[in-house]
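Step one of this worksheet: look at the structure below.
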Amino acid sequence: MDQLDDILHQDLDPTETQEWVESLDAVINHDGTERAHFLLERMVDSTRRAGGYLPFDPTTEYVNTIPASQEAKCPGDGALEWRIRTIVRWNAMAMVVRANRKPGELGGHIASFASSATLYDVGFNHFWRAPSAEHPGDLIFHQGHSSPGIYARSFLEGRLSEEQLDLFRMEVAGHGRGLSSYPHPWLMPDYWQVPTVSMGLGPIQAIYQAQFWKYLEHRGLIPKTDRKVWCFLGDGETDEPESLGAISLAGREGLDNLIFVINCNLQRLDGPVRGNGKIIQELEGVFRGAGWNALKLVWGSYWDPLLARDTKGVLRKLMMETVDGEYQACKAFGGAYTREHFFGKYPETREMVANLSDDDIWRLNRGGHDPHKVYAAYHSAVNTKGMPTVILAKTVKGYGMGAAGESQNPTHQQKKLDADAVRHFRDRFNIPVSDDQLKDVPYYHPGKDSPEMQYMMERRRALGGALPQRRRKTDVKLKAPELSAFEQITKGSGEREISTTMALVRGMNLMLRDKQIGERIVPIVADEARTFGMEGMFRQIGIYAPFGQKYRPQDADQLLYYREDQKGQVLQQGISEAGGMASWMAAATSYSLSNQPMLPFFIYYSMFGFQRIGDLAWAAGDMRARGFLIGGTAGRTTLNGEGLQHEDGHSHLLSGAIPNVKSYDPTFSYEVAVIMQDGTRRMLQEQEDVYYYITVMNENYSHPDLPVGSEEGIIKGMYLFKDAGKPKKGEPRVQLLGSGTILREVIAAAELLEKDFGVSADIWSVPSFSEVRRDGFDAERWNRLHPEAQQRVPYITGLLQDRQGPAIAATDYVREFADQVRAFMPDGMRYTVLGTDGFGRSDTREHLRGFFEVDRYWIAHAALASLAKEGKVNAKDVSRAIKTYKLDPDKPNPLTV
């Protein structure tokens, strides 16, 4: 390979080479670069056809992609924009420093925005449109650690007060006026649109947001416009799998409404990103290989004269050879160091800077700090057609902080500046704050009538208004279908056996036929549609494909063939739960971002939901998403053949931790219908900021009719499924609770108890232990705070307080799931919980339920054991149950094997 490389790079005939280069230059000068590119592609093709080996190099020279001669010129007032930028920088720094002079160690970050201020400033002044009557608005995924700079700009615009800046990271003490540490729509619902500080989540959300806008356009739900999704992230953040995991989708689908701006300050939280390499080169190769337009913004305008004099390419060679760790040191140690350790490596480059002072060398700027270069890159990006764009902007972390942190490894953690550092910052950016004022690090505002503010406000008016801003409610008014519309699944299935998964899909199909909301249903799958019985939707509403279907599907002769369509309604996101979730989040926030309410259903193996993509699920709560997450093949024993990593026994614990998630584990089709209808009403009609998690199973059984009057109990999370009637004198009685498929085992256990031991049982369906728990804690808190008022009774307490006997709960989840309601059981009522603690394994459902001790026999035994402790039956009855039901007292504990 080394020999081949030598041959490829050895010039055997320099004269001939020069003739070819001159010929190519003539083509470029006469016909342009596109013609030259075409000719080169033809020559490459001919060489390969002849058997020549031409390795693909995805990277280019370590210089700006856009030559200085081809840069679009910025139309703005550079002097005023510089003044605005410096004021924003100062106020962003002041906000963090002032916060950290208070007791409490509030934290904060200065260095990230310091490195990216120019990148944001050019966007705000010239590119980012706000929603208006003329334009739907762009969406900006701000880098989370740069939030102080965004607040500082809003302060100048009059959107935020000094008092609010002084409440940075003090949301509790600020009584709703405090500013959140990072972008959080839940905490600032009129301001931030998307949460981004959990690194890696912004990029994947941005990609699927851009795709969803195309989806809405192709389906005719929004007009086609030039709106863009801009995503800002750091170079270190690209190590997160989610940051780069979906970029091939953007390239494959030609998402030219998507722009990534990667702030390449060469540092992550603890040190260099690629100290021994070059992160910009690495990312250029990755993105170009994925089909992106990669624009490198490496050097500022002060480098242009040096590069123009580099006729032999020695400076370019030096730039390629130098690794990022050395580039960081050059900025940290100044001009003299850079002269010696960078330019001094070759006589030609040393000579280039011989007439420059050390200060001149230190001022050689990076591209991300040059507004003219940034404007040219943004202008190229917004005018690129047919592919997404990534801008790799080289910056200095802690730019302007001087010895207090500029380009130093601890810079990211810097939140306090001493008096000298503050003075340096003021002098560096020429802020009119006197020495006497410096000790207080005051905010600076030039006045609303100043030239700077007049210019800033005029630029924002021209772009539609202030950003960021968030729409809380959509203008589109919708009415959810009545429960009667779900009659197909509220009525029993008779002798036909179906699963709750099938019931849910039937419910979705009924909603798809609804004239008002049908077009707003967005089914999303991660390549498991056939597993969940959704293949009928392929033919009915089609799978979204931005370029349509270009082939005849293998199953075209079948009724339910695989149909892709540019107007398709199903989003099939391949084997990527993170991609499916990001797609769901885009649809679930469409009411806010596009004024188009949509109702997404993302269906996946429940084990691969909140456990695998829990950070995205938490972010969905933060951004006030509305939609249904469906955990399919749920439960530890229901997905009987799949084994340890597929069988879910704890997703409801994870979903229950997110405050605005409504979690349900229904058993019967009518419960599914009631939950779907209520969720649709709350999210689409009432526009509540909640989303639903419903677990459904693949086990088939018959389903009864909707019991009269049970709807309220289903929604609250618990209702009486079967009343054993008035207890007979001396008759033992138990209360049996269950959810999901194990409720059927509970029902069977009640029959065993009656038949074999004369014990009667009231049976309770508990579709949501999570909702019952929340109600209980809400009542408990209210009672503590209102000691003299009539005390509230928790819902479950009220249902059980007049019932007799101990209570036994069994589910297909770990014990903690049903144990959540223990605190609200009536006084004196013994409560026993059975669950599927431990690792799952493969076997039949019957064997698994016996192994985890949640089948009818173990439930009946637990009921008898509880009755024995209360003296209602004797110990011999419990022993007889063990023998009759062939229970093994010495079997291993499933939690430990």
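As shown in the structure tokens, the chain order sets the letters A, B, ...; within each chain, residues go from 1, and ligands are also counted from 1 in the order they appear.
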
For the structure I just gave you, how does DSSP split segment 555-654 of chain A - specifically, which residues are helix (DSSP H, G or I)? Reply as a ChimeraX atom specification. /A:577-588,590-593,606-608,614-622,651-654

Would you save the residues from that selection as a tab-separated table (two decimals), in the first residue's frame, using N, CA and C atoms?
```tsv
chain	number	residue	atom	x	y	z
A	577	GLU	N	-34.59	3.24	17.08
A	577	GLU	CA	-35.56	3.77	18.03
A	577	GLU	C	-35.32	5.25	18.30
A	578	ALA	N	-34.04	5.66	18.33
A	578	ALA	CA	-33.74	7.07	18.54
A	578	ALA	C	-34.28	7.90	17.38
A	579	GLY	N	-34.14	7.39	16.16
A	579	GLY	CA	-34.67	8.09	15.00
A	579	GLY	C	-36.19	8.17	15.04
A	580	GLY	N	-36.83	7.06	15.39
A	580	GLY	CA	-38.29	7.07	15.50
A	580	GLY	C	-38.77	8.03	16.56
A	581	MET	N	-38.05	8.09	17.69
A	581	MET	CA	-38.44	9.00	18.77
A	581	MET	C	-38.25	10.45	18.35
A	582	ALA	N	-37.13	10.76	17.69
A	582	ALA	CA	-36.90	12.13	17.23
A	582	ALA	C	-37.95	12.53	16.20
A	583	SER	N	-38.34	11.59	15.35
A	583	SER	CA	-39.40	11.84	14.38
A	583	SER	C	-40.73	12.10	15.09
A	584	TRP	N	-41.00	11.29	16.11
A	584	TRP	CA	-42.22	11.48	16.91
A	584	TRP	C	-42.22	12.85	17.58
A	585	MET	N	-41.07	13.28	18.10
A	585	MET	CA	-40.99	14.58	18.77
A	585	MET	C	-41.28	15.71	17.79
A	586	ALA	N	-40.80	15.57	16.55
A	586	ALA	CA	-41.07	16.60	15.55
A	586	ALA	C	-42.57	16.70	15.29
A	587	ALA	N	-43.23	15.56	15.16
A	587	ALA	CA	-44.68	15.57	14.93
A	587	ALA	C	-45.42	16.04	16.17
A	588	ALA	N	-44.93	15.63	17.35
A	588	ALA	CA	-45.62	15.94	18.61
A	588	ALA	C	-45.51	17.40	19.00
A	590	SER	N	-45.42	19.80	16.42
A	590	SER	CA	-45.79	20.52	15.20
A	590	SER	C	-46.81	21.62	15.49
A	591	TYR	N	-47.65	21.42	16.50
A	591	TYR	CA	-48.63	22.45	16.86
A	591	TYR	C	-47.93	23.76	17.20
A	592	SER	N	-46.75	23.67	17.80
A	592	SER	CA	-46.03	24.86	18.22
A	592	SER	C	-45.12	25.39	17.12
A	593	LEU	N	-44.38	24.50	16.47
A	593	LEU	CA	-43.37	24.93	15.50
A	593	LEU	C	-43.94	25.27	14.14
A	606	SER	N	-41.51	-2.39	23.73
A	606	SER	CA	-41.49	-1.54	24.92
A	606	SER	C	-40.14	-1.54	25.62
A	607	MET	N	-39.40	-2.63	25.53
A	607	MET	CA	-38.09	-2.70	26.18
A	607	MET	C	-37.11	-1.71	25.54
A	608	PHE	N	-37.39	-1.32	24.29
A	608	PHE	CA	-36.46	-0.44	23.57
A	608	PHE	C	-36.94	1.01	23.55
A	614	GLY	N	-34.40	7.04	26.83
A	614	GLY	CA	-34.98	7.78	27.95
A	614	GLY	C	-34.65	9.26	27.95
A	615	ASP	N	-33.46	9.63	27.49
A	615	ASP	CA	-33.08	11.05	27.47
A	615	ASP	C	-33.95	11.81	26.48
A	616	LEU	N	-34.25	11.19	25.34
A	616	LEU	CA	-35.15	11.84	24.38
A	616	LEU	C	-36.57	11.93	24.95
A	617	ALA	N	-37.00	10.89	25.66
A	617	ALA	CA	-38.34	10.92	26.25
A	617	ALA	C	-38.46	12.03	27.28
A	618	TRP	N	-37.39	12.24	28.05
A	618	TRP	CA	-37.37	13.34	29.03
A	618	TRP	C	-37.41	14.68	28.31
A	619	ALA	N	-36.62	14.81	27.23
A	619	ALA	CA	-36.63	16.04	26.45
A	619	ALA	C	-38.00	16.30	25.85
A	620	ALA	N	-38.71	15.24	25.46
A	620	ALA	CA	-40.05	15.39	24.90
A	620	ALA	C	-40.99	16.00	25.93
A	621	GLY	N	-40.84	15.59	27.18
A	621	GLY	CA	-41.64	16.21	28.24
A	621	GLY	C	-41.29	17.67	28.39
A	622	ASP	N	-39.99	17.98	28.36
A	622	ASP	CA	-39.52	19.36	28.48
A	622	ASP	C	-40.09	20.22	27.36
A	651	SER	N	-40.71	-0.59	32.17
A	651	SER	CA	-40.86	0.65	31.41
A	651	SER	C	-41.82	1.62	32.10
A	652	HIS	N	-42.80	1.08	32.85
A	652	HIS	CA	-43.74	1.99	33.51
A	652	HIS	C	-43.11	2.74	34.67
A	653	LEU	N	-42.07	2.18	35.26
A	653	LEU	CA	-41.35	2.95	36.29
A	653	LEU	C	-40.63	4.11	35.66
A	654	LEU	N	-40.05	3.89	34.48
A	654	LEU	CA	-39.32	4.95	33.79
A	654	LEU	C	-40.27	6.02	33.26
```

Write out as a PyMOL selection string each polymer residue whose atoms come within 7 Å of segment 271-288 of chain A, counting only C-alpha atoms; drop sequence neighbours fewer than 3 positions from it. chain A and resi 58-59+236+266-268+291-294+323-325+392+409

Residue contacts of segment 36-49 of chain A (10 Å, only C-alpha atoms) excluding same-chain residues fewer than 3 positions away, as a VMD selection string: chain A and resid 23 to 33 52 to 54

Counting only C-alpha atoms, what are the residues of segment 802-866 of chain A within 12 Å of segment 882-885 of chain A, and for each of them which pair of atoms is the nearest and at what distance in Å, to one decimal? Sort the table by chain and rising number, as a Markdown table.
```
| residue | atom | partner | partner_atom | distance |
| --- | --- | --- | --- | --- |
| A:Gly850 | CA | A:Tyr885 | CA | 10.6 |
| A:Glu853 | CA | A:Tyr885 | CA | 11.9 |
| A:Asp855 | CA | A:Tyr885 | CA | 10.7 |
| A:Arg856 | CA | A:Tyr885 | CA | 9.4 |
| A:Tyr857 | CA | A:Tyr885 | CA | 6.0 |
| A:Trp858 | CA | A:Tyr885 | CA | 8.3 |
| A:Ile859 | CA | A:Tyr885 | CA | 10.8 |
| A:Ala860 | CA | A:Tyr885 | CA | 9.3 |
| A:His861 | CA | A:Ile882 | CA | 7.0 |
| A:Ala862 | CA | A:Ile882 | CA | 10.2 |
| A:Leu864 | CA | A:Ile882 | CA | 10.2 |
| A:Ala865 | CA | A:Ile882 | CA | 10.4 |
```

Please produce an output containing C-alpha atoms for each residue in the selection, written as a short mmCIF file (atom, residue, chain, number, x, y, z; two decimals), in the first residue's frame.
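New file selection-v2.cif:
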```
data_model
loop_
_atom_site.label_atom_id
_atom_site.label_comp_id
_atom_site.auth_asym_id
_atom_site.auth_seq_id
_atom_site.Cartn_x
_atom_site.Cartn_y
_atom_site.Cartn_z
CA GLY A 850 -44.96 -19.78 36.93
CA GLU A 853 -44.71 -16.34 40.40
CA ASP A 855 -49.74 -16.86 37.40
CA ARG A 856 -53.16 -17.72 38.77
CA TYR A 857 -51.79 -20.35 41.18
CA TRP A 858 -49.22 -18.08 42.77
CA ILE A 859 -51.82 -15.31 43.02
CA ALA A 860 -54.31 -17.64 44.72
CA HIS A 861 -51.56 -18.83 47.06
CA ALA A 862 -50.59 -15.25 47.96
CA LEU A 864 -54.51 -17.45 51.05
CA ALA A 865 -51.23 -16.56 52.76
#
```

Applying 12 Å and only C-alpha atoms, which residues near Ser594 of chain A remain after dropping the ones on its own chain fewer than 2 positions away? List them as a PyMOL selection string. chain A and resi 130-132+135-139+193+209-210+212-214+216-217+221-223+225+227+470-476+586-592+596-598

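Near Trp362 of chain A, within a cut-off of 8 Å and counting only C-alpha atoms, sit the residues A:Lys331, A:Gly334, A:Gly335, A:Thr338, A:Asp358, with same-chain residues fewer than 4 positions away left out.
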
May I have the residues within 10 Å of Glu406 of chain A as a ChimeraX atom specification, using only C-alpha atoms and disregarding those fewer than 5 positions away in the same chain? /A:111,114-115,328,331-333,396-401,411-412

Which residue, A:Met683, A:Val353, A:Ala625, A:Ala809, has the smallest gap to Asp310 of chain A when you use only C-alpha atoms?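 Closest to Asp310 of chain A, using only C-alpha atoms: A:Val353.
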
DSSP on the backbone: which residues in segment 493-626 of chain A end up as strand (DSSP E or B)? Give the answer as a compact mmCIF listing (two decimals) with C-alpha atoms, in the first residue's frame.
```
# COMPACT_ATOMS: atom_id res chain seq x y z
CA ILE A 498 -57.36 -10.59 19.63
CA ILE A 521 -52.57 10.98 12.55
CA VAL A 522 -48.87 10.14 12.08
CA PRO A 523 -48.08 6.42 12.50
CA ILE A 524 -44.35 5.96 13.19
CA VAL A 525 -42.53 2.63 13.32
CA ILE A 543 -45.18 4.91 3.63
CA TYR A 544 -43.64 8.35 3.28
CA GLU A 564 -44.05 3.97 -0.67
CA ASP A 565 -45.41 7.33 -1.69
CA VAL A 570 -46.62 6.33 7.74
CA LEU A 571 -43.10 7.31 8.84
CA GLN A 572 -41.01 4.14 8.67
CA LEU A 599 -51.13 13.30 16.61
CA PRO A 600 -48.19 10.89 16.29
CA PHE A 601 -48.22 7.23 17.35
CA PHE A 602 -44.73 5.77 17.71
CA ILE A 603 -44.94 2.00 18.16
CA TYR A 604 -41.91 0.01 19.30
CA TYR A 605 -40.85 -2.92 21.45
```

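Distances to Phe610 of chain A were evaluated for A:Ser663, A:Thr531, A:Thr844, A:Asn64 using only C-alpha atoms, and the minimum falls at A:Ser663.
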